[in-house]
2 protein chains.
Amino acid sequence: MKTIIDFIENGTITSVKGFKAGAVNAGIKKKGPKPDLGIVYSETPCTAAGVFTRNRIKAAPVIVCQKRLPSDDIHSIIVNSGSANAVTGRQGMQDALEMTVLTADKLGIKPSSTLVASTGVIGRKLPMDIINKGIDSIELTENGGYDFAKAIMTTDTVSKEVAVSVNSGTFTIGGVAKGSGMIHPDMGTMLCFLTTDAVIDKDFLTDALRKAADVSFNMISVDTDTSTNDTMIIMANGLANNDRIAYKTKLAEVFQQAIDEVCIYLAKAVAADGEGAGKLIEVNVTGAPDMESARNCAKTIVASPLVKTAIHGCDPNWGRIIAAAGRSGAEIVELKTDLSICGIGLLLQGIALNNNYNEVSKAMESEVVVIDLNLNLGRASATAWGCDLTAEYVSINADYTT
Amino acid sequence: MKTIIDFIENGTITSVKGFKAGAVNAGIKKKGPKPDLGIVYSETPCTAAGVFTRNRIKAAPVIVCQKRLPSDDIHSIIVNSGSANAVTGRQGMQDALEMTVLTADKLGIKPSSTLVASTGVIGRKLPMDIINKGIDSIELTENGGYDFAKAIMTTDTVSKEVAVSVNSGTFTIGGVAKGSGMIHPDMGTMLCFLTTDAVIDKDFLTDALRKAADVSFNMISVDTDTSTNDTMIIMANGLANNDRIAYKTKLAEVFQQAIDEVCIYLAKAVAADGEGAGKLIEVNVTGAPDMESARNCAKTIVASPLVKTAIHGCDPNWGRIIAAAGRSGAEIVELKTDLSICGIGLLLQGIALNNNYNEVSKAMESEVVVIDLNLNLGRASATAWGCDLTAEYVSINADYTT
């Protein structure tokens with residue numbers, strides 16, 4: 001079956017039928033006028049699945065969601081920024097559970113039908129009195145997705161939102177994400193929430209979400225630090241009335257393509273808005289002997305501080321790219337390797353081409369810098385995204401808590 | 001047998017009996033008055049061993065040394081900075097070999113008795129005419145170690161040199177190192193050269209060097225980028241006339257302790273002088289279930305950009321340390337973990353202590369910031385060293401080649 005993906009103008013998480021959202025500035029974060037507490041809600045119960053951080057230290061809300069998912073009876077997610085509720089011990093677990101109880105009471109649903117996520121500083125207790133009042137005052141509306149997307153931001157400079165209509169309205173997928181720091185392959189986002197009106201099988205949905213994470217959020221890196229709170233959740237309320245999507249159904253591949261596209265869109269937005277970032281870096285590795293090599297190679301290059309600083313300075317210091325590839329664990333044979341930056345060839349079969357470095361440097365002034373590395377050893381390929389490393393990254397992170 | 005290690009005042013690679021060195025400013029680097037080409041030499045043939053980068057892309061001089069070591073007939077090492085002679089294809093290999101031939105001709109020895117190392121930009125060909133003239137003009141003297149140490153510097157701000165006398169002159173070990181960028185566990189220095197007058201067995205020497213690397217240069221990180229040129233070589237000329245050191249001899253453990261001490265001294269100097277560094281970070285992990293966990297945990301913390309930036313800003317954001325430990329692969333149980341920074345307890349059995357963050361922040365203004373993490377799960381421990389991440393790291397690396 002053909003897949004036609006139309007991006008919805010100003011699409012967000014509430015562009016999908018039956019989903020409402022809302023957010024308030026509860027005052028969890030001391031600074032700024034932005035909302036810091038939000039809810040997304042579907043009156044119709046949802047099939048839901050999640051993918052979570054592989055960090056051994058998991059925030060309390062992550063543990064709560066892992067216990068409740070997958071499920072066929074999820075109605076809502078409550079999210080706060082300003083505090084990660086991680087390394088907060090038994091109190092943190094009680095607070096996460098209480099957030100779902102307060103939200104469930106407000107909405108007239110069971111606490112077990114509510115999921116919870118947090119982002120912000122690790123090790124601080126949640127101000128539960130403020131959160132209690134905040135949940136009370138959230139108003140849920142059909143265009144509340146925009147406020148919700150803002151409520152999950154920390155050092156993000158823009159909100160990340162998208163929605164697509166698939167095969168002329170067969171179903172719709174919307175999503176929001178936040179990123180900025182502590183972003184690295186192994187669930188490379190802190191938070192991503194997706195909604196869909198598709199009728200879909202729970203197990204298939206879990207698999208599809210994991211596969212989408214693998215080609216999107218697991219292929220971006222801002223700073224190699226994997227967070228304690230990485231959470232990616234999809235809710236499917238079935239209001240599209242499509243033929244049920246499950247393994248081996250006609251729509252299975254269509255759904256996978258659509259969710260991949262949505263996640264790649266959001267992951268690139270997260271990479272481009274990495275802390276202090278000035279540029280989006282895209283690394284395409286081709287000709288790898290196997291998929292794992294291709295992925296590791298692309299991820300290692302995009303995460304290399306020396307590559308990131310060189311790109312920041314528009315410096316065509318391509319040796320750093322080859323050195324990163326060489327330490328990635330991927331097989332690489334110097335005299336077979338081709339490399340280009342921004343489409344300009346620099347290395348052909350391991351021999352440096354006499355291209356004008358000033359020309360390459362000029363091309364690197366673009367907002368997107370594309371690196372193409374062909375190992376010429378096989379047929380596997382992978383793409384990773386990241387951002388340049390700037391002095392601003394340092395100043396953002398040198399005094400985050402104080 | 002007891003080991004008494006005395007640091008020799010102003011000790012360097014030529015503080016060891018029978019070793020001469022010298023360096024010149026040949027003009028390989030365009031900028032600066034510093035020497036960029038150096039030789040270390042022993043008239044007496046040396047037992048020599050090496051440890052090299054694990055990067056799959058290896059510079060030509062690394063390949064040459066790997067072929068020639070271990071050996072009982074090494075007289076000299078020729079080293080240049082300004083160009084790494086890496087990713088330079090067949091020409092690069094010819095140039096590395098020619099450097100050993102030119103040096104051997106000058107000294108009246110066999111080319112195979114000469115080792116070679118290079119550091120600097122990857123992918124540039126060596127200016128062999130300049131190097132030829134340079135080798136000719138190098139003068140070897142008994143206090144040439146200081147110039148030699150300067151000749152291997154790239155973005156280092158200070159030269160790193162040391163020498164120790166062991167058990168009141170039983171034998172001596174001297175060493176120089178350079179580091180600064182592309183420094184990460186997996187042979188964490190670019191170049192380190194050691195000399196000793198000990199009479200020592202070749203195989204034992206190789207093992208001892210590898211063990212010393214594991215507790216020193218393999219435990220430091222500046223920027224997670226493993227270089228193509230990492231080289232660590234020791235030459236032992238036997239002039240101390242001690243009882244031959246080999247496996248199971250009385251002096252075996254004494255020698256290991258002394259070489260460990262010398263390498264840790266140099267490795268810490270490399271970490272403290274990491275590109276843009278303002279502080280030395282020392283991470284002690286104790287109570288780990290096994291040595292691999294202890295090492296990985298310490299190295300992951302010391303390499304974390306978020307930990308490094310927080311320390312730069314004297315920000316006691318300890319959650320980042322726990323998050324890094326959690327993603328290191330080491331077993332960690334939140335409710336067993338103790339953490340302190342600069343001796344001030346922050347986390348006890350997973351519970352945050354109510355210590356004054358201003359006091360911690362003030363303590364972090366020190367030039368050395370010590371992190372103690374007790375996992376309370378076993379008896380293994382490890383120490384890693386690194387440096388803070390500063391805006392200067394970014395500016396140094398944003399335009400290194402242009």
# chains A, B, ... in the order shown; residues from 1 in each chain; ligands from 1
>>> residues_around(residues="region 379-389 of chain A", least_positions_apart="2", cutoff="7 Å", atoms="only C-alpha atoms", output="PyMOL selection string")
(chain A and resi 219-222+268+271-272+274+277-291+294-295+298-299+302-303+305+308-309+311-312+393) or (chain B and resi 394)
>>> write_last_selection(atoms="C-alpha atoms", output="short mmCIF file (atom, residue, chain, number, x, y, z; two decimals), in the first residue's frame")
data_model
loop_
_atom_site.label_atom_id
_atom_site.label_comp_id
_atom_site.auth_asym_id
_atom_site.auth_seq_id
_atom_site.Cartn_x
_atom_site.Cartn_y
_atom_site.Cartn_z
CA MET A 219 20.15 8.73 16.31
CA ILE A 220 20.64 12.18 17.80
CA SER A 221 23.20 13.48 20.23
CA VAL A 222 23.67 16.82 21.88
CA LYS A 268 15.87 16.75 14.12
CA ALA A 271 19.08 18.22 17.64
CA ALA A 272 18.89 21.61 15.91
CA GLY A 274 20.52 21.47 21.31
CA ALA A 277 23.47 25.06 19.10
CA GLY A 278 23.99 27.21 16.04
CA LYS A 279 23.75 24.49 13.40
CA LEU A 280 22.14 21.13 12.68
CA ILE A 281 24.67 18.44 11.75
CA GLU A 282 23.54 15.48 9.62
CA VAL A 283 25.90 12.52 9.24
CA ASN A 284 25.12 9.93 6.57
CA VAL A 285 27.19 6.78 6.75
CA THR A 286 26.89 4.47 3.75
CA GLY A 287 28.73 1.38 2.58
CA ALA A 288 28.99 -0.06 6.10
CA PRO A 289 29.36 -3.84 6.50
CA ASP A 290 26.33 -4.04 8.81
CA MET A 291 23.64 -1.87 10.36
CA ALA A 294 26.64 2.15 10.28
CA ARG A 295 24.69 3.38 13.30
CA ALA A 298 27.24 7.92 12.40
CA LYS A 299 26.50 8.43 16.10
CA VAL A 302 27.91 13.41 15.38
CA ALA A 303 28.78 13.19 19.11
CA PRO A 305 33.32 17.30 20.58
CA LYS A 308 31.23 19.63 16.74
CA THR A 309 33.63 22.47 17.56
CA ILE A 311 31.75 22.65 12.49
CA HIS A 312 30.96 25.51 14.84
CA TYR A 393 26.64 25.33 25.70
CA VAL B 394 35.33 25.62 22.09
#
>>> closest_atom_pairs(of="chain A", to="chain B", cutoff="8 Å", atoms="only C-alpha atoms", output="Markdown table")
| residue | atom | partner | partner_atom | distance |
| --- | --- | --- | --- | --- |
| A:Arg54 | CA | B:Arg327 | CA | 7.2 |
| A:Asn55 | CA | B:Arg327 | CA | 4.5 |
| A:Arg56 | CA | B:Gly326 | CA | 4.5 |
| A:Ile57 | CA | B:Gly326 | CA | 4.9 |
| A:Val87 | CA | B:Glu334 | CA | 6.8 |
| A:Thr88 | CA | B:Ile351 | CA | 7.1 |
| A:Gly89 | CA | B:Ile351 | CA | 6.6 |
| A:Val121 | CA | B:Gly319 | CA | 7.3 |
| A:Ile122 | CA | B:Gly319 | CA | 4.7 |
| A:Gly123 | CA | B:Gly319 | CA | 5.6 |
| A:Met182 | CA | B:Leu306 | CA | 7.4 |
| A:Asp223 | CA | B:Pro305 | CA | 6.4 |
| A:Thr224 | CA | B:Ser304 | CA | 7.3 |
| A:Asp225 | CA | B:Ser304 | CA | 6.4 |
| A:Thr226 | CA | B:Arg327 | CA | 6.4 |
| A:Ser227 | CA | B:Ala323 | CA | 6.5 |
| A:Thr228 | CA | B:Ala323 | CA | 6.0 |
| A:Ser304 | CA | B:Asp225 | CA | 6.4 |
| A:Pro305 | CA | B:Asp223 | CA | 6.4 |
| A:Leu306 | CA | B:Asn397 | CA | 6.5 |
| A:Thr309 | CA | B:Ala398 | CA | 4.7 |
| A:Ala310 | CA | B:Ala398 | CA | 4.5 |
| A:Ile311 | CA | B:Ala398 | CA | 7.0 |
| A:His312 | CA | B:Ala398 | CA | 5.8 |
| A:Gly313 | CA | B:Ala398 | CA | 4.1 |
| A:Cys314 | CA | B:Ala398 | CA | 7.3 |
| A:Asp315 | CA | B:Asp399 | CA | 5.5 |
| A:Pro316 | CA | B:Thr401 | CA | 7.7 |
| A:Asn317 | CA | B:Thr401 | CA | 6.1 |
| A:Trp318 | CA | B:Gly123 | CA | 7.8 |
| A:Gly319 | CA | B:Ile122 | CA | 4.7 |
| A:Arg320 | CA | B:Ile122 | CA | 7.1 |
| A:Ile322 | CA | B:Ile57 | CA | 7.5 |
| A:Ala323 | CA | B:Thr228 | CA | 6.0 |
| A:Ala324 | CA | B:Asp225 | CA | 6.8 |
| A:Gly326 | CA | B:Arg56 | CA | 4.6 |
| A:Arg327 | CA | B:Asn55 | CA | 4.5 |
| A:Gly329 | CA | B:Arg56 | CA | 7.6 |
| A:Glu331 | CA | B:Arg56 | CA | 7.4 |
| A:Ile332 | CA | B:Arg56 | CA | 6.7 |
| A:Val333 | CA | B:Ile57 | CA | 7.6 |
| A:Glu334 | CA | B:Ile57 | CA | 6.7 |
| A:Leu335 | CA | B:Gly89 | CA | 7.0 |
| A:Gly350 | CA | B:Gly89 | CA | 6.7 |
| A:Ile351 | CA | B:Gly89 | CA | 6.6 |
| A:Ala352 | CA | B:Gly123 | CA | 7.2 |
| A:Leu389 | CA | B:Val394 | CA | 6.9 |
| A:Thr390 | CA | B:Val394 | CA | 5.9 |
| A:Ala391 | CA | B:Ala391 | CA | 4.4 |
| A:Glu392 | CA | B:Ala391 | CA | 7.5 |
| A:Val394 | CA | B:Thr309 | CA | 5.8 |
| A:Ser395 | CA | B:Ala391 | CA | 7.4 |
| A:Asn397 | CA | B:Thr309 | CA | 5.5 |
| A:Ala398 | CA | B:Gly313 | CA | 4.1 |
| A:Asp399 | CA | B:Gly313 | CA | 5.4 |
| A:Tyr400 | CA | B:Asp315 | CA | 7.3 |
| A:Thr401 | CA | B:Asn317 | CA | 6.1 |
| A:Thr402 | CA | B:Asp315 | CA | 6.1 |
>>> atom_distance(atom1="CA of Val64 (chain A)", atom2="CA of Ala117 (chain A)")
9.0 Å
>>> atom_distance(atom1="CA of Thr141 (chain A)", atom2="CA of Thr12 (chain A)")
12.7 Å
>>> residues_around(residues="Ile138 (chain B)", least_positions_apart="2", cutoff="12 Å", atoms="only C-alpha atoms", output="number ranges by chain")
B: 20-26, 35-41, 78-79, 102-103, 106-107, 131-136, 140-141, 144, 147-148, 151
>>> write_last_selection(atoms="C-alpha atoms", output="PDB file, in the first residue's frame")
ATOM      1  CA  LYS B  20      70.505  12.453  25.604  1.00  0.00           C
ATOM      2  CA  ALA B  21      67.900  14.523  23.788  1.00  0.00           C
ATOM      3  CA  GLY B  22      67.517  17.622  21.690  1.00  0.00           C
ATOM      4  CA  ALA B  23      65.023  19.598  19.634  1.00  0.00           C
ATOM      5  CA  VAL B  24      64.796  22.377  17.081  1.00  0.00           C
ATOM      6  CA  ASN B  25      62.194  24.703  15.680  1.00  0.00           C
ATOM      7  CA  ALA B  26      62.258  23.222  12.172  1.00  0.00           C
ATOM      8  CA  PRO B  35      60.626  23.573  18.885  1.00  0.00           C
ATOM      9  CA  ASP B  36      58.618  21.110  16.774  1.00  0.00           C
ATOM     10  CA  LEU B  37      61.112  18.305  16.089  1.00  0.00           C
ATOM     11  CA  GLY B  38      63.018  16.314  18.694  1.00  0.00           C
ATOM     12  CA  ILE B  39      65.139  13.227  19.254  1.00  0.00           C
ATOM     13  CA  VAL B  40      65.792  11.155  22.359  1.00  0.00           C
ATOM     14  CA  TYR B  41      68.847   8.904  22.168  1.00  0.00           C
ATOM     15  CA  ILE B  78      62.318  10.929  16.464  1.00  0.00           C
ATOM     16  CA  VAL B  79      59.178  12.988  17.074  1.00  0.00           C
ATOM     17  CA  LEU B 102      67.383  10.178   8.402  1.00  0.00           C
ATOM     18  CA  THR B 103      67.671   9.858  12.178  1.00  0.00           C
ATOM     19  CA  LYS B 106      72.633  11.053  11.717  1.00  0.00           C
ATOM     20  CA  LEU B 107      73.284   8.763  14.698  1.00  0.00           C
ATOM     21  CA  ILE B 131      62.195  17.712   8.519  1.00  0.00           C
ATOM     22  CA  ASN B 132      65.369  16.547   6.750  1.00  0.00           C
ATOM     23  CA  LYS B 133      67.147  19.824   7.519  1.00  0.00           C
ATOM     24  CA  GLY B 134      65.704  19.850  11.022  1.00  0.00           C
ATOM     25  CA  ILE B 135      67.014  16.399  11.908  1.00  0.00           C
ATOM     26  CA  ASP B 136      70.464  17.465  10.733  1.00  0.00           C
ATOM     27  CA  LEU B 140      71.824  16.011  21.520  1.00  0.00           C
ATOM     28  CA  THR B 141      72.762  16.918  25.086  1.00  0.00           C
ATOM     29  CA  GLY B 144      68.040  18.207  26.191  1.00  0.00           C
ATOM     30  CA  ASP B 147      63.553  21.068  24.799  1.00  0.00           C
ATOM     31  CA  PHE B 148      62.366  17.632  23.728  1.00  0.00           C
ATOM     32  CA  ALA B 151      58.908  19.895  20.897  1.00  0.00           C
TER      33      ALA B 151
END
>>> select_by_dssp(residues="region 103-318 of chain A", states="strand (DSSP E)", output="VMD selection string")
chain A and resid 114 to 121 160 to 166 171 to 178 191 to 196 220 to 221 231 to 236 280 to 288
